[in-house]
>>> print(open('upload.cif').read())   # mmCIF, C-alpha atoms
data_model
#
loop_
_atom_site.label_atom_id
_atom_site.label_comp_id
_atom_site.auth_asym_id
_atom_site.auth_seq_id
_atom_site.Cartn_x
_atom_site.Cartn_y
_atom_site.Cartn_z
CA MET A 1048 87.25 85.88 122.72
CA VAL A 1049 88.22 82.56 121.22
CA ASP A 1050 90.73 80.51 123.28
CA GLU A 1051 92.90 79.29 120.40
CA SER A 1052 92.79 81.96 117.72
CA PRO A 1053 93.34 80.84 114.13
CA LEU A 1054 95.41 84.00 113.75
CA VAL A 1055 98.19 82.68 115.99
CA GLY A 1056 101.16 81.12 114.26
CA GLU A 1057 103.36 81.68 111.26
CA ASN A 1058 100.45 82.69 109.07
CA GLU A 1059 99.82 85.50 106.66
CA VAL A 1060 96.29 86.81 107.19
CA ILE A 1061 94.36 88.22 104.23
CA VAL A 1062 91.13 90.07 105.03
CA ASP A 1063 87.92 90.73 103.10
CA ALA A 1064 86.08 94.06 103.40
CA ASN A 1065 83.04 92.39 104.96
CA ILE A 1066 85.08 91.71 108.11
CA PHE A 1067 85.35 95.48 108.67
CA PHE A 1068 81.63 95.85 107.97
CA ALA A 1069 80.97 93.14 110.56
CA ILE A 1070 83.08 94.70 113.31
CA GLY A 1071 81.87 98.25 112.71
CA ARG A 1072 83.46 101.49 113.79
CA PRO A 1073 86.49 101.72 116.13
CA SER A 1074 84.19 102.74 119.01
CA ASN A 1075 82.24 99.47 118.67
CA GLN A 1076 82.88 96.65 121.18
CA LYS A 1077 83.21 94.14 118.35
CA TYR A 1078 85.88 96.28 116.69
CA ASP A 1079 87.79 96.53 119.95
CA ARG A 1080 87.63 92.76 120.59
CA PHE A 1081 88.75 92.06 117.02
CA ARG A 1082 91.65 94.54 117.32
CA GLN A 1083 92.72 92.92 120.61
CA GLU A 1084 92.71 89.44 119.03
CA VAL A 1085 94.80 90.60 116.07
CA LYS A 1086 97.29 92.29 118.38
CA ARG A 1087 97.34 89.28 120.73
CA ALA A 1088 98.18 87.07 117.74
CA ASN A 1089 100.98 89.48 116.85
CA THR A 1090 99.96 89.55 113.19
CA VAL A 1091 99.36 92.22 110.58
CA LEU A 1092 96.25 91.86 108.44
CA LYS A 1093 96.73 92.14 104.69
CA LEU A 1094 93.99 94.22 103.08
CA PRO A 1095 94.07 93.96 99.28
CA ARG A 1096 93.77 97.41 97.73
CA ARG A 1097 90.74 96.28 95.71
CA VAL A 1098 89.04 95.11 98.93
CA VAL A 1099 89.75 98.42 100.64
CA GLY A 1100 87.99 100.10 97.71
CA GLU A 1101 84.81 98.23 98.67
CA LEU A 1102 84.91 99.99 102.03
CA GLY A 1103 85.13 103.43 100.48
CA GLY A 1104 88.92 103.66 100.63
CA SER A 1105 91.57 103.65 103.30
CA GLU A 1106 90.29 106.89 104.80
CA THR A 1107 87.26 105.19 106.37
CA ALA A 1108 87.53 105.11 110.17
CA PRO A 1109 87.75 101.31 110.63
CA VAL A 1110 90.49 100.86 108.04
CA GLN A 1111 92.37 104.06 108.87
CA THR A 1112 92.47 103.15 112.57
CA ALA A 1113 93.80 99.66 111.78
CA LEU A 1114 96.45 101.14 109.45
CA ASP A 1115 97.44 103.88 111.92
CA GLU A 1116 97.75 101.38 114.77
CA GLY A 1117 99.87 99.05 112.60
CA TRP A 1118 97.74 95.91 112.77
CA ALA A 1119 96.73 96.15 109.11
CA GLU A 1120 98.43 97.08 105.87
CA ILE A 1121 97.26 97.54 102.31
CA VAL A 1122 98.71 95.12 99.76
CA ASP A 1123 98.44 94.91 96.00
CA ALA A 1124 96.42 92.29 94.16
CA PRO A 1125 98.29 89.40 92.56
CA ASP A 1126 100.44 90.25 89.56
CA VAL A 1127 98.43 89.97 86.33
CA GLU A 1128 101.18 87.75 84.93
CA ASP A 1129 100.96 85.27 87.82
CA GLY A 1130 99.22 82.32 86.17
CA ASP A 1131 98.65 80.35 89.39
CA ALA A 1132 97.12 83.31 91.20
CA LEU A 1133 94.92 84.16 88.22
CA ALA A 1134 93.80 80.54 87.92
CA ALA A 1135 92.90 80.53 91.63
CA SER A 1136 90.93 83.76 91.19
CA ASP A 1137 89.10 82.27 88.20
CA ILE A 1138 88.21 79.11 90.13
CA ALA A 1139 86.95 81.20 93.05
CA ARG A 1140 84.90 83.43 90.72
CA ARG A 1141 83.30 80.40 89.01
CA THR A 1142 82.48 78.82 92.37
CA ILE A 1143 80.97 82.05 93.70
CA ALA A 1144 78.94 82.45 90.50
CA ASN A 1145 77.61 78.88 90.85
CA GLU A 1146 76.82 79.37 94.54
CA THR A 1147 74.93 82.62 93.92
CA ASP A 1148 73.33 81.79 90.56
CA ARG A 1149 74.95 84.85 88.97
CA PRO A 1150 76.98 85.15 85.79
CA GLU A 1151 80.73 85.12 86.43
CA HIS A 1152 81.14 88.68 85.15
CA GLU A 1153 78.81 89.91 87.93
CA VAL A 1154 80.88 88.39 90.75
CA GLU A 1155 82.84 91.01 92.67
CA LYS A 1156 86.46 90.81 91.62
CA ALA A 1157 87.60 91.56 95.18
CA ASP A 1158 86.18 88.25 96.43
CA ALA A 1159 88.13 86.30 93.81
CA VAL A 1160 91.31 88.32 94.45
CA LEU A 1161 91.47 86.83 97.96
CA ALA A 1162 91.97 83.34 96.50
CA GLY A 1163 94.64 84.49 94.06
CA LEU A 1164 96.51 86.38 96.73
CA ALA A 1165 96.45 83.37 99.06
CA ILE A 1166 98.04 81.18 96.39
CA GLN A 1167 100.61 83.82 95.47
CA TYR A 1168 101.63 84.27 99.13
CA LEU A 1169 102.00 80.54 99.68
CA ARG A 1170 104.14 80.13 96.62
CA ASP A 1171 106.25 83.30 96.79
CA ARG A 1172 106.74 83.80 100.53
CA SER A 1173 108.16 81.37 103.03
CA VAL A 1174 104.94 80.89 104.99
CA GLY A 1175 103.47 77.53 105.88
CA SER A 1176 99.88 78.62 105.77
CA ILE A 1177 97.49 81.40 104.89
CA VAL A 1178 94.42 82.49 106.80
CA VAL A 1179 91.71 84.28 104.84
CA LEU A 1180 89.06 86.14 106.83
CA THR A 1181 85.67 86.60 105.18
CA ASP A 1182 82.08 86.38 106.34
CA ASP A 1183 80.88 85.74 102.78
CA GLY A 1184 79.76 82.08 102.47
CA PRO A 1185 80.11 81.77 98.68
CA ALA A 1186 83.53 83.48 98.81
CA ARG A 1187 84.64 81.02 101.52
CA LYS A 1188 83.65 78.12 99.30
CA GLY A 1189 85.35 79.73 96.30
CA ILE A 1190 88.62 80.27 98.18
CA ARG A 1191 88.60 76.71 99.52
CA ASN A 1192 87.83 75.34 96.06
CA ALA A 1193 90.65 77.36 94.50
CA ALA A 1194 93.13 76.23 97.18
CA GLU A 1195 92.15 72.59 96.67
CA ASN A 1196 92.39 72.81 92.88
CA GLN A 1197 95.82 74.46 93.10
CA GLY A 1198 97.11 71.81 95.55
CA TYR A 1199 97.07 74.01 98.65
CA ALA A 1200 94.00 72.69 100.49
CA ASP A 1201 95.97 71.98 103.69
CA ALA A 1202 97.68 75.37 103.66
CA VAL A 1203 94.69 77.72 103.25
CA SER A 1204 92.18 78.21 106.06
CA VAL A 1205 89.11 80.41 105.81
CA TYR A 1206 87.45 81.93 108.87
CA GLY A 1207 84.92 84.60 109.79
CA VAL A 1208 84.59 87.17 112.57
CA ARG A 1209 82.89 84.71 114.95
CA ASP A 1210 85.84 82.36 114.62
CA ILE A 1211 88.12 85.14 115.85
CA ILE A 1212 86.10 86.89 118.57
CA GLY A 1213 83.25 84.50 119.27
CA ASP A 1214 79.62 85.53 119.37
CA ASP A 1215 78.61 88.07 122.01
CA PRO A 1216 74.84 88.60 122.23
CA ASP A 1217 75.47 92.08 123.68
CA ASP A 1218 77.05 93.26 120.44
CA SER A 1219 75.02 95.76 118.57
CA MET A 1220 75.38 96.19 114.86
CA THR A 1221 76.94 99.49 113.93
CA LEU A 1222 77.01 100.44 110.28
CA ILE A 1223 80.11 102.11 108.96
#
>>> encode(input="upload.cif", output="structure tokens")
Amino acid sequence: MVDESPLVGENEVIVDANIFFAIGRPSNQKYDRFRQEVKRANTVLKLPRRVVGELGGSETAPVQTALDEGWAEIVDAPDVEDGDALAASDIARRTIANETDRPEHEVEKADAVLAGLAIQYLRDRSVGSIVVLTDDGPARKGIRNAAENQGYADAVSVYGVRDIIGDDPDDSMTLI
């Protein structure tokens, strides 16, 4: 467990699918430690519908358990008419494409949606900051780049699983 969790505070927390891949099934120790940290922070994770699709849908055990227990909820992607959110998604997609040497049209849209959603939440909700959880390095850079370009660099933080639960060498990887 991490002493001072980045989840604590008046934050909205948006989560990428790879976080659920990283923590595994609900019977996994990593999953349990992650769940405890989210509950301890008294927050509800926002899972964009498009991201949940990457996991095989909301009926998968890790997502369904989080939804049933109330520490996660499914949210819609940014409105297609939201210019700021779309611009943030485009910046993230370009950054990810550059980082991975892939054409922009091959970048997963779910990764870019995280940046757009972060900007939309900052602008449309009365929250001081947004936390985005992803273990994808290029996506992290893309989200940070988008936040900086949109003027929200100080309000968007990007973390991974290790930042939330630490690194336990006894964890075993469990595929979901």
>>> resolve_selection(input="upload.cif", expression="the PyMOL selection byres ((chain A and resi 1176) around 9)", output="list of chain:residue names")
A:Gly1056, A:Glu1057, A:Asn1058, A:Glu1059, A:Ala1165, A:Tyr1168, A:Leu1169, A:Val1174, A:Gly1175, A:Ile1177, A:Val1178, A:Tyr1199, A:Asp1201, A:Ala1202, A:Val1203, A:Ser1204
>>> write_last_selection(input="upload.cif", atoms="C-alpha atoms", output="PDB file, in the frame of the given file")
ATOM      1  CA  GLY A1056     101.160  81.120 114.260  1.00  0.00           C
ATOM      2  CA  GLU A1057     103.360  81.680 111.260  1.00  0.00           C
ATOM      3  CA  ASN A1058     100.450  82.690 109.070  1.00  0.00           C
ATOM      4  CA  GLU A1059      99.820  85.500 106.660  1.00  0.00           C
ATOM      5  CA  ALA A1165      96.450  83.370  99.060  1.00  0.00           C
ATOM      6  CA  TYR A1168     101.630  84.270  99.130  1.00  0.00           C
ATOM      7  CA  LEU A1169     102.000  80.540  99.680  1.00  0.00           C
ATOM      8  CA  VAL A1174     104.940  80.890 104.990  1.00  0.00           C
ATOM      9  CA  GLY A1175     103.470  77.530 105.880  1.00  0.00           C
ATOM     10  CA  ILE A1177      97.490  81.400 104.890  1.00  0.00           C
ATOM     11  CA  VAL A1178      94.420  82.490 106.800  1.00  0.00           C
ATOM     12  CA  TYR A1199      97.070  74.010  98.650  1.00  0.00           C
ATOM     13  CA  ASP A1201      95.970  71.980 103.690  1.00  0.00           C
ATOM     14  CA  ALA A1202      97.680  75.370 103.660  1.00  0.00           C
ATOM     15  CA  VAL A1203      94.690  77.720 103.250  1.00  0.00           C
ATOM     16  CA  SER A1204      92.180  78.210 106.060  1.00  0.00           C
TER      17      SER A1204
END
>>> atom_distance(input="upload.cif", atom1="CA of Ala1132 (chain A)", atom2="CA of Ala1088 (chain A)")
26.8 Å
>>> resolve_selection(input="upload.cif", expression="the PyMOL selection byres ((chain A and resi 1189) around 8)", output="MDAnalysis selection string")
chainID A and resid 1138:1143 1159 1162 1185:1188 1190:1193
>>> closest_residue(input="upload.cif", among="A:Gln1167, A:Ile1061, A:Pro1073, A:Arg1087", to="Glu1128 (chain A)", atoms="all atoms listed in the file")
A:Gln1167
>>> atom_distance(input="upload.cif", atom1="CA of Val1099 (chain A)", atom2="CA of Arg1082 (chain A)")
17.2 Å
>>> closest_residue(input="upload.cif", among="A:Phe1081, A:Ala1064, A:Lys1093, A:Asp1123", to="Thr1107 (chain A)", atoms="all atoms listed in the file")
A:Ala1064
>>> closest_residue(input="upload.cif", among="A:Asn1196, A:Asn1065, A:Gln1111, A:Asn1075", to="Val1208 (chain A)", atoms="only C-alpha atoms")
A:Asn1065
>>> residues_around(input="upload.cif", residues="Arg1096 (chain A)", least_positions_apart="5", cutoff="8 Å", atoms="only C-alpha atoms", output="ChimeraX atom specification")
/A:1121-1124
>>> build_atoms(input="upload.cif", residues="region 1076-1087 of chain A", atoms="all heavy atoms", output="PDB file, in the coordinates of the input")
ATOM      1  N   GLN A1076      82.275  97.718 120.373  1.00  0.00           N
ATOM      2  CA  GLN A1076      82.880  96.650 121.180  1.00  0.00           C
ATOM      3  C   GLN A1076      83.455  95.536 120.305  1.00  0.00           C
ATOM      4  O   GLN A1076      84.512  94.983 120.608  1.00  0.00           O
ATOM      5  CB  GLN A1076      81.855  96.051 122.139  1.00  0.00           C
ATOM      6  CG  GLN A1076      81.471  96.943 123.273  1.00  0.00           C
ATOM      7  CD  GLN A1076      80.409  96.288 124.148  1.00  0.00           C
ATOM      8  OE1 GLN A1076      79.752  95.331 123.760  1.00  0.00           O
ATOM      9  NE2 GLN A1076      80.248  96.823 125.351  1.00  0.00           N
ATOM     10  N   LYS A1077      82.732  95.195 119.245  1.00  0.00           N
ATOM     11  CA  LYS A1077      83.210  94.140 118.350  1.00  0.00           C
ATOM     12  C   LYS A1077      84.548  94.532 117.724  1.00  0.00           C
ATOM     13  O   LYS A1077      85.461  93.718 117.605  1.00  0.00           O
ATOM     14  CB  LYS A1077      82.195  93.900 117.227  1.00  0.00           C
ATOM     15  CG  LYS A1077      81.385  92.678 117.365  1.00  0.00           C
ATOM     16  CD  LYS A1077      80.498  92.538 116.144  1.00  0.00           C
ATOM     17  CE  LYS A1077      80.051  91.114 116.027  1.00  0.00           C
ATOM     18  NZ  LYS A1077      79.074  90.929 114.959  1.00  0.00           N
ATOM     19  N   TYR A1078      84.641  95.789 117.293  1.00  0.00           N
ATOM     20  CA  TYR A1078      85.880  96.280 116.690  1.00  0.00           C
ATOM     21  C   TYR A1078      87.020  96.143 117.698  1.00  0.00           C
ATOM     22  O   TYR A1078      88.097  95.647 117.378  1.00  0.00           O
ATOM     23  CB  TYR A1078      85.724  97.740 116.269  1.00  0.00           C
ATOM     24  CG  TYR A1078      86.886  98.284 115.464  1.00  0.00           C
ATOM     25  CD1 TYR A1078      86.820  98.342 114.083  1.00  0.00           C
ATOM     26  CD2 TYR A1078      88.051  98.741 116.081  1.00  0.00           C
ATOM     27  CE1 TYR A1078      87.879  98.844 113.335  1.00  0.00           C
ATOM     28  CE2 TYR A1078      89.108  99.231 115.346  1.00  0.00           C
ATOM     29  CZ  TYR A1078      89.017  99.284 113.971  1.00  0.00           C
ATOM     30  OH  TYR A1078      90.068  99.767 113.228  1.00  0.00           O
ATOM     31  N   ASP A1079      86.764  96.568 118.922  1.00  0.00           N
ATOM     32  CA  ASP A1079      87.790  96.530 119.950  1.00  0.00           C
ATOM     33  C   ASP A1079      88.225  95.089 120.245  1.00  0.00           C
ATOM     34  O   ASP A1079      89.421  94.809 120.368  1.00  0.00           O
ATOM     35  CB  ASP A1079      87.298  97.209 121.223  1.00  0.00           C
ATOM     36  CG  ASP A1079      88.433  97.463 122.191  1.00  0.00           C
ATOM     37  OD1 ASP A1079      89.498  97.957 121.751  1.00  0.00           O
ATOM     38  OD2 ASP A1079      88.269  97.144 123.384  1.00  0.00           O
ATOM     39  N   ARG A1080      87.279  94.166 120.346  1.00  0.00           N
ATOM     40  CA  ARG A1080      87.630  92.760 120.590  1.00  0.00           C
ATOM     41  C   ARG A1080      88.430  92.187 119.427  1.00  0.00           C
ATOM     42  O   ARG A1080      89.394  91.449 119.628  1.00  0.00           O
ATOM     43  CB  ARG A1080      86.377  91.919 120.850  1.00  0.00           C
ATOM     44  CG  ARG A1080      85.768  92.181 122.205  1.00  0.00           C
ATOM     45  CD  ARG A1080      84.797  91.114 122.684  1.00  0.00           C
ATOM     46  NE  ARG A1080      84.087  90.355 121.690  1.00  0.00           N
ATOM     47  CZ  ARG A1080      82.881  90.644 121.219  1.00  0.00           C
ATOM     48  NH1 ARG A1080      82.241  91.716 121.643  1.00  0.00           N
ATOM     49  NH2 ARG A1080      82.303  89.873 120.341  1.00  0.00           N
ATOM     50  N   PHE A1081      88.035  92.529 118.206  1.00  0.00           N
ATOM     51  CA  PHE A1081      88.750  92.060 117.020  1.00  0.00           C
ATOM     52  C   PHE A1081      90.183  92.609 117.029  1.00  0.00           C
ATOM     53  O   PHE A1081      91.150  91.868 116.829  1.00  0.00           O
ATOM     54  CB  PHE A1081      88.003  92.481 115.752  1.00  0.00           C
ATOM     55  CG  PHE A1081      88.602  91.937 114.490  1.00  0.00           C
ATOM     56  CD1 PHE A1081      88.376  90.624 114.109  1.00  0.00           C
ATOM     57  CD2 PHE A1081      89.387  92.737 113.673  1.00  0.00           C
ATOM     58  CE1 PHE A1081      88.928  90.115 112.932  1.00  0.00           C
ATOM     59  CE2 PHE A1081      89.938  92.237 112.507  1.00  0.00           C
ATOM     60  CZ  PHE A1081      89.704  90.923 112.139  1.00  0.00           C
ATOM     61  N   ARG A1082      90.325  93.900 117.263  1.00  0.00           N
ATOM     62  CA  ARG A1082      91.650  94.540 117.320  1.00  0.00           C
ATOM     63  C   ARG A1082      92.524  93.850 118.368  1.00  0.00           C
ATOM     64  O   ARG A1082      93.687  93.558 118.114  1.00  0.00           O
ATOM     65  CB  ARG A1082      91.485  96.023 117.629  1.00  0.00           C
ATOM     66  CG  ARG A1082      92.783  96.718 117.959  1.00  0.00           C
ATOM     67  CD  ARG A1082      92.644  98.199 118.246  1.00  0.00           C
ATOM     68  NE  ARG A1082      91.447  98.545 118.955  1.00  0.00           N
ATOM     69  CZ  ARG A1082      90.827  99.717 118.844  1.00  0.00           C
ATOM     70  NH1 ARG A1082      91.309 100.652 118.054  1.00  0.00           N
ATOM     71  NH2 ARG A1082      89.755  99.970 119.531  1.00  0.00           N
ATOM     72  N   GLN A1083      91.962  93.581 119.539  1.00  0.00           N
ATOM     73  CA  GLN A1083      92.720  92.920 120.610  1.00  0.00           C
ATOM     74  C   GLN A1083      93.189  91.533 120.182  1.00  0.00           C
ATOM     75  O   GLN A1083      94.316  91.135 120.480  1.00  0.00           O
ATOM     76  CB  GLN A1083      91.870  92.828 121.877  1.00  0.00           C
ATOM     77  CG  GLN A1083      91.688  94.156 122.569  1.00  0.00           C
ATOM     78  CD  GLN A1083      90.713  94.067 123.735  1.00  0.00           C
ATOM     79  OE1 GLN A1083      90.307  92.985 124.159  1.00  0.00           O
ATOM     80  NE2 GLN A1083      90.318  95.222 124.252  1.00  0.00           N
ATOM     81  N   GLU A1084      92.326  90.784 119.498  1.00  0.00           N
ATOM     82  CA  GLU A1084      92.710  89.440 119.030  1.00  0.00           C
ATOM     83  C   GLU A1084      93.829  89.500 117.998  1.00  0.00           C
ATOM     84  O   GLU A1084      94.748  88.691 118.027  1.00  0.00           O
ATOM     85  CB  GLU A1084      91.506  88.694 118.454  1.00  0.00           C
ATOM     86  CG  GLU A1084      90.613  88.107 119.501  1.00  0.00           C
ATOM     87  CD  GLU A1084      91.352  87.123 120.395  1.00  0.00           C
ATOM     88  OE1 GLU A1084      91.987  86.167 119.884  1.00  0.00           O
ATOM     89  OE2 GLU A1084      91.300  87.310 121.613  1.00  0.00           O
ATOM     90  N   VAL A1085      93.749  90.461 117.088  1.00  0.00           N
ATOM     91  CA  VAL A1085      94.800  90.600 116.070  1.00  0.00           C
ATOM     92  C   VAL A1085      96.113  90.954 116.741  1.00  0.00           C
ATOM     93  O   VAL A1085      97.160  90.365 116.444  1.00  0.00           O
ATOM     94  CB  VAL A1085      94.407  91.644 115.004  1.00  0.00           C
ATOM     95  CG1 VAL A1085      95.566  91.928 114.056  1.00  0.00           C
ATOM     96  CG2 VAL A1085      93.184  91.175 114.216  1.00  0.00           C
ATOM     97  N   LYS A1086      96.069  91.890 117.679  1.00  0.00           N
ATOM     98  CA  LYS A1086      97.290  92.290 118.380  1.00  0.00           C
ATOM     99  C   LYS A1086      97.829  91.145 119.246  1.00  0.00           C
ATOM    100  O   LYS A1086      99.037  90.932 119.310  1.00  0.00           O
ATOM    101  CB  LYS A1086      97.026  93.530 119.229  1.00  0.00           C
ATOM    102  CG  LYS A1086      96.881  94.786 118.392  1.00  0.00           C
ATOM    103  CD  LYS A1086      96.651  95.992 119.277  1.00  0.00           C
ATOM    104  CE  LYS A1086      96.634  97.269 118.472  1.00  0.00           C
ATOM    105  NZ  LYS A1086      96.499  98.455 119.324  1.00  0.00           N
ATOM    106  N   ARG A1087      96.924  90.414 119.900  1.00  0.00           N
ATOM    107  CA  ARG A1087      97.340  89.280 120.730  1.00  0.00           C
ATOM    108  C   ARG A1087      98.052  88.223 119.878  1.00  0.00           C
ATOM    109  O   ARG A1087      99.009  87.587 120.304  1.00  0.00           O
ATOM    110  CB  ARG A1087      96.129  88.673 121.426  1.00  0.00           C
ATOM    111  CG  ARG A1087      96.464  87.567 122.405  1.00  0.00           C
ATOM    112  CD  ARG A1087      95.217  87.155 123.166  1.00  0.00           C
ATOM    113  NE  ARG A1087      94.346  86.329 122.380  1.00  0.00           N
ATOM    114  CZ  ARG A1087      94.184  85.024 122.566  1.00  0.00           C
ATOM    115  NH1 ARG A1087      94.829  84.415 123.522  1.00  0.00           N
ATOM    116  NH2 ARG A1087      93.372  84.337 121.805  1.00  0.00           N
TER     117      ARG A1087
END
